[in-house]
$ cat structure34.pdb   # PDB, C-alpha atoms, pLDDT in the B column
ATOM      1  CA  MET A   1      39.559   8.262   8.183  1.00 50.00           C
ATOM      2  CA  PHE A   2      37.497   5.191   9.061  1.00 52.00           C
ATOM      3  CA  ARG A   3      35.460   7.122  11.623  1.00 65.00           C
ATOM      4  CA  LEU A   4      34.669   9.938   9.205  1.00 59.00           C
ATOM      5  CA  SER A   5      33.486   7.558   6.470  1.00 60.00           C
ATOM      6  CA  SER A   6      31.376   5.650   9.001  1.00 60.00           C
ATOM      7  CA  LEU A   7      29.818   8.900  10.186  1.00 57.00           C
ATOM      8  CA  VAL A   8      29.009   9.913   6.609  1.00 56.00           C
ATOM      9  CA  LEU A   9      27.411   6.522   5.968  1.00 55.00           C
ATOM     10  CA  ILE A  10      25.281   6.741   9.128  1.00 59.00           C
ATOM     11  CA  ILE A  11      24.122  10.292   8.352  1.00 59.00           C
ATOM     12  CA  SER A  12      23.288   9.356   4.742  1.00 52.00           C
ATOM     13  CA  THR A  13      21.263   6.362   5.897  1.00 51.00           C
ATOM     14  CA  LEU A  14      19.328   8.435   8.432  1.00 47.00           C
ATOM     15  CA  LEU A  15      18.577  11.104   5.842  1.00 48.00           C
ATOM     16  CA  PHE A  16      17.364   8.486   3.374  1.00 48.00           C
ATOM     17  CA  LEU A  17      15.101   6.831   5.938  1.00 47.00           C
ATOM     18  CA  GLY A  18      13.852  10.176   7.206  1.00 48.00           C
ATOM     19  CA  CYS A  19      12.810  11.250   3.707  1.00 47.00           C
ATOM     20  CA  ARG A  20      10.652   8.231   3.019  1.00 48.00           C
ATOM     21  CA  GLU A  21       6.961   8.885   2.675  1.00 52.00           C
ATOM     22  CA  LYS A  22       4.732   7.907   5.564  1.00 83.00           C
ATOM     23  CA  GLU A  23       1.862   6.952   3.271  1.00 88.00           C
ATOM     24  CA  ILE A  24       1.268   5.010   0.103  1.00 92.00           C
ATOM     25  CA  ILE A  25      -1.150   5.956  -2.668  1.00 94.00           C
ATOM     26  CA  ILE A  26      -3.598   3.274  -3.787  1.00 96.00           C
ATOM     27  CA  GLU A  27      -5.593   3.672  -6.985  1.00 97.00           C
ATOM     28  CA  LEU A  28      -8.659   1.434  -7.023  1.00 97.00           C
ATOM     29  CA  ILE A  29     -10.269   0.693 -10.396  1.00 98.00           C
ATOM     30  CA  ASN A  30     -13.556  -1.176 -10.602  1.00 98.00           C
ATOM     31  CA  ASP A  31     -13.350  -2.913 -13.979  1.00 97.00           C
ATOM     32  CA  SER A  32     -16.360  -5.122 -13.197  1.00 96.00           C
ATOM     33  CA  ASP A  33     -20.095  -4.734 -13.773  1.00 96.00           C
ATOM     34  CA  PHE A  34     -20.819  -4.910 -10.025  1.00 96.00           C
ATOM     35  CA  ILE A  35     -20.746  -2.381  -7.206  1.00 97.00           C
ATOM     36  CA  LEU A  36     -17.776  -3.025  -4.920  1.00 97.00           C
ATOM     37  CA  GLU A  37     -18.778  -2.474  -1.295  1.00 97.00           C
ATOM     38  CA  ASN A  38     -16.739  -1.699   1.811  1.00 97.00           C
ATOM     39  CA  ILE A  39     -13.357  -1.755   0.063  1.00 97.00           C
ATOM     40  CA  SER A  40     -10.505  -1.361   2.523  1.00 95.00           C
ATOM     41  CA  VAL A  41      -6.757  -1.868   2.303  1.00 95.00           C
ATOM     42  CA  GLU A  42      -4.750  -2.705   5.406  1.00 93.00           C
ATOM     43  CA  ILE A  43      -1.346  -3.923   6.469  1.00 91.00           C
ATOM     44  CA  MET A  44      -1.098  -7.551   7.538  1.00 84.00           C
ATOM     45  CA  ASP A  45      -1.369  -6.999  11.293  1.00 81.00           C
ATOM     46  CA  LYS A  46      -4.458  -4.788  10.801  1.00 78.00           C
ATOM     47  CA  THR A  47      -2.993  -1.857  12.758  1.00 80.00           C
ATOM     48  CA  LYS A  48      -3.366   0.446   9.749  1.00 85.00           C
ATOM     49  CA  ARG A  49      -6.420   0.437   7.495  1.00 88.00           C
ATOM     50  CA  THR A  50      -8.041   2.771   4.991  1.00 90.00           C
ATOM     51  CA  ASN A  51     -11.585   3.970   5.535  1.00 92.00           C
ATOM     52  CA  PRO A  52     -14.023   1.689   3.688  1.00 95.00           C
ATOM     53  CA  ILE A  53     -15.345   3.006   0.387  1.00 96.00           C
ATOM     54  CA  ASN A  54     -17.714   1.821  -2.345  1.00 98.00           C
ATOM     55  CA  LEU A  55     -16.988   1.822  -6.079  1.00 97.00           C
ATOM     56  CA  SER A  56     -19.589   1.812  -8.834  1.00 98.00           C
ATOM     57  CA  PRO A  57     -18.917  -0.193 -12.004  1.00 97.00           C
ATOM     58  CA  LYS A  58     -16.098   1.371 -14.088  1.00 97.00           C
ATOM     59  CA  GLU A  59     -15.358   3.916 -11.329  1.00 98.00           C
ATOM     60  CA  THR A  60     -11.843   4.820 -10.101  1.00 98.00           C
ATOM     61  CA  LYS A  61     -10.868   6.320  -6.747  1.00 98.00           C
ATOM     62  CA  ILE A  62      -7.553   7.150  -5.114  1.00 96.00           C
ATOM     63  CA  ILE A  63      -7.014   6.495  -1.411  1.00 95.00           C
ATOM     64  CA  THR A  64      -3.966   6.605   0.863  1.00 93.00           C
ATOM     65  CA  LEU A  65      -2.721   4.200   3.507  1.00 92.00           C
ATOM     66  CA  ASP A  66      -1.016   5.946   6.410  1.00 90.00           C
ATOM     67  CA  PHE A  67       2.275   4.429   7.601  1.00 88.00           C
ATOM     68  CA  SER A  68       2.966   6.761  10.514  1.00 87.00           C
ATOM     69  CA  ASN A  69       3.734   4.901  13.740  1.00 85.00           C
ATOM     70  CA  VAL A  70       3.993   1.508  12.016  1.00 87.00           C
ATOM     71  CA  PRO A  71       6.588  -0.532  13.933  1.00 87.00           C
ATOM     72  CA  GLN A  72       9.803  -1.525  12.153  1.00 88.00           C
ATOM     73  CA  MET A  73       8.531  -4.786  10.716  1.00 90.00           C
ATOM     74  CA  ASP A  74       8.206  -6.442   7.338  1.00 93.00           C
ATOM     75  CA  GLY A  75       4.865  -7.433   5.899  1.00 92.00           C
ATOM     76  CA  HIS A  76       2.317  -7.269   3.108  1.00 94.00           C
ATOM     77  CA  TYR A  77      -0.954  -5.535   2.279  1.00 95.00           C
ATOM     78  CA  MET A  78      -4.468  -6.971   2.211  1.00 96.00           C
ATOM     79  CA  ILE A  79      -7.539  -5.796   0.303  1.00 97.00           C
ATOM     80  CA  ASN A  80     -11.038  -6.714   1.446  1.00 96.00           C
ATOM     81  CA  PHE A  81     -14.369  -5.954  -0.199  1.00 97.00           C
ATOM     82  CA  LYS A  82     -17.778  -7.333  -1.097  1.00 97.00           C
ATOM     83  CA  GLN A  83     -18.632  -7.982  -4.770  1.00 95.00           C
ATOM     84  CA  ASN A  84     -22.007  -9.289  -5.936  1.00 92.00           C
ATOM     85  CA  GLY A  85     -22.778 -10.577  -2.415  1.00 93.00           C
ATOM     86  CA  LYS A  86     -19.442 -12.393  -2.066  1.00 95.00           C
ATOM     87  CA  VAL A  87     -16.674 -11.379   0.369  1.00 96.00           C
ATOM     88  CA  VAL A  88     -13.307 -11.095  -1.385  1.00 96.00           C
ATOM     89  CA  SER A  89      -9.894 -10.861   0.318  1.00 95.00           C
ATOM     90  CA  ASP A  90      -6.451 -10.936  -1.251  1.00 96.00           C
ATOM     91  CA  GLU A  91      -2.848 -10.233  -0.237  1.00 96.00           C
ATOM     92  CA  PHE A  92      -0.370  -8.210  -2.261  1.00 95.00           C
ATOM     93  CA  GLY A  93       2.878  -6.273  -2.113  1.00 94.00           C
ATOM     94  CA  TYR A  94       5.521  -5.972   0.541  1.00 91.00           C
ATOM     95  CA  PHE A  95       6.811  -3.358   2.946  1.00 91.00           C
ATOM     96  CA  THR A  96       9.971  -3.442   5.013  1.00 90.00           C
ATOM     97  CA  ASN A  97      11.094  -1.843   8.273  1.00 90.00           C
ATOM     98  CA  GLY A  98       7.627  -0.320   8.684  1.00 89.00           C
ATOM     99  CA  GLN A  99       7.931   1.636   5.427  1.00 89.00           C
ATOM    100  CA  PRO A 100       6.376   1.099   1.998  1.00 91.00           C
ATOM    101  CA  MET A 101       8.798   0.175  -0.769  1.00 89.00           C
ATOM    102  CA  GLU A 102       6.542   1.603  -3.482  1.00 91.00           C
ATOM    103  CA  ASP A 103       4.978   5.024  -3.835  1.00 92.00           C
ATOM    104  CA  LYS A 104       1.785   3.865  -5.510  1.00 95.00           C
ATOM    105  CA  TRP A 105      -0.231   0.710  -6.056  1.00 96.00           C
ATOM    106  CA  GLN A 106      -2.845   0.362  -8.778  1.00 97.00           C
ATOM    107  CA  LEU A 107      -5.473  -2.329  -8.128  1.00 98.00           C
ATOM    108  CA  THR A 108      -7.736  -3.157 -11.057  1.00 98.00           C
ATOM    109  CA  ILE A 109     -10.645  -5.273  -9.854  1.00 98.00           C
ATOM    110  CA  GLY A 110     -12.434  -7.377 -12.471  1.00 96.00           C
ATOM    111  CA  GLU A 111     -15.241  -9.918 -12.302  1.00 92.00           C
ATOM    112  CA  ASP A 112     -13.028 -12.643 -10.831  1.00 91.00           C
ATOM    113  CA  THR A 113      -9.483 -11.220 -10.727  1.00 95.00           C
ATOM    114  CA  ILE A 114      -7.462  -8.400  -9.226  1.00 97.00           C
ATOM    115  CA  VAL A 115      -4.479  -7.065 -11.158  1.00 97.00           C
ATOM    116  CA  PHE A 116      -1.838  -5.483  -8.906  1.00 97.00           C
ATOM    117  CA  SER A 117       0.793  -3.109 -10.251  1.00 96.00           C
ATOM    118  CA  SER A 118       3.131  -0.763  -8.393  1.00 94.00           C
ATOM    119  CA  THR A 119       5.358   2.191  -9.131  1.00 91.00           C
ATOM    120  CA  MET A 120       8.342   3.605  -7.303  1.00 83.00           C
ATOM    121  CA  ASP A 121       9.603   7.174  -7.329  1.00 71.00           C
ATOM    122  CA  ASN A 122      13.352   7.153  -6.819  1.00 58.00           C
ATOM    123  CA  SER A 123      13.515  10.894  -6.119  1.00 52.00           C
ATOM    124  CA  HIS A 124      13.263  10.385  -2.316  1.00 47.00           C
TER     125      HIS A 124
END
$ encode --input "structure34.pdb" --output "structure tokens"
Amino acid sequence: MFRLSSLVLIISTLLFLGCREKEIIIELINDSDFILENISVEIMDKTKRTNPINLSPKETKIITLDFSNVPQMDGHYMINFKQNGKVVSDEFGYFTNGQPMEDKWQLTIGEDTIVFSSTMDNSH
């Protein structure tokens, strides 16, 4: 009986891990009066990065960060951009075993702050 329950546990774990999304959705909201230039989001070791985009004041765009082929490691995300001539970088969130824990991040960028909020979809 022990072997059967162990086998069920292993198969369930593999199915769960196999169903995880290989990308995360990032909603970028420019809540400032400045154009945001060269916005990119990357994982901490810089092996995965979104294509740079620009956002006009009060504009919103949705981008995705690809997690395919990310090694099984833990880490965080980084956002980089230029606002009113100043380079801005900040760290946020967390991923584990090379997989995002959240399905979506919303980043609201103001004049001097970034508000980070995330959502998870437990239907995986």
$ atom_distance --input "structure34.pdb" --atom1 "atom CA of Glu42 of chain A" --atom2 "atom CA of Pro57 of chain A"
22.6 Å
$ axis_aligned_box --input "structure34.pdb" --around "segment 55-66 of chain A" --padding-each-side "8 Å" --output "lines of an AutoDock Vina configuration file"
center_x = -10.3
center_y = 3.5
center_z = -3.8
size_x = 34.6
size_y = 23.3
size_z = 36.5
$ atom_distance --input "structure34.pdb" --atom1 "atom CA of Met78 of chain A" --atom2 "atom CA of Trp105 of chain A"
12.1 Å
$ resolve_selection --input "structure34.pdb" --expression "the PyMOL selection byres ((chain A and resi 84) around 8)" --output "list in words"
Phe34, Ile35, Leu36, Lys82, Gln83, Gly85 and Lys86 of chain A
$ residues_around --input "structure34.pdb" --residues "Asn38 of chain A" --least-positions-apart "6" --cutoff "6 Å" --atoms "all atoms listed in the file" --output "PDB file with C-alpha atoms, in the frame of the given file"
ATOM      1  CA  PRO A  52     -14.023   1.689   3.688  1.00 95.00           C
ATOM      2  CA  ILE A  53     -15.345   3.006   0.387  1.00 96.00           C
ATOM      3  CA  ASN A  54     -17.714   1.821  -2.345  1.00 98.00           C
ATOM      4  CA  PHE A  81     -14.369  -5.954  -0.199  1.00 97.00           C
TER       5      PHE A  81
END
$ atom_distance --input "structure34.pdb" --atom1 "atom CA of Phe95 of chain A" --atom2 "atom CA of Val115 of chain A"
18.4 Å
$ closest_residue --input "structure34.pdb" --among "A:Thr119, A:Asn30, A:Asn97, A:Thr50" --to "Ile79 of chain A" --atoms "only C-alpha atoms"
A:Thr50
$ closest_residue --input "structure34.pdb" --among "A:Tyr77, A:Ser118, A:Ile25, A:Leu107" --to "Lys48 of chain A" --atoms "all atoms listed in the file"
A:Tyr77
$ closest_residue --input "structure34.pdb" --among "A:Ser40, A:Leu65, A:Thr47, A:Ile24" --to "Glu102 of chain A" --atoms "only C-alpha atoms"
A:Ile24
$ closest_residue --input "structure34.pdb" --among "A:Gln106, A:Asn51, A:Ser89, A:Thr96" --to "Asp74 of chain A" --atoms "only C-alpha atoms"
A:Thr96
$ residues_around --input "structure34.pdb" --residues "His76 of chain A" --least-positions-apart "5" --cutoff "7 Å" --atoms "all atoms listed in the file" --output "list in words"
Ile43, Met44, Glu91, Phe92, Gly93, Tyr94 and Phe95 of chain A
$ closest_residue --input "structure34.pdb" --among "A:Gly98, A:Glu27, A:Glu111, A:Ser117" --to "Asp66 of chain A" --atoms "only C-alpha atoms"
A:Gly98
$ residues_around --input "structure34.pdb" --residues "Lys58 of chain A" --least-positions-apart "3" --cutoff "7 Å" --atoms "all atoms listed in the file" --output "NGL selection string"
:A and (29-32)
$ closest_residue --input "structure34.pdb" --among "A:Thr64, A:Thr113, A:Asn69, A:Ser56" --to "Gln99 of chain A" --atoms "only C-alpha atoms"
A:Asn69
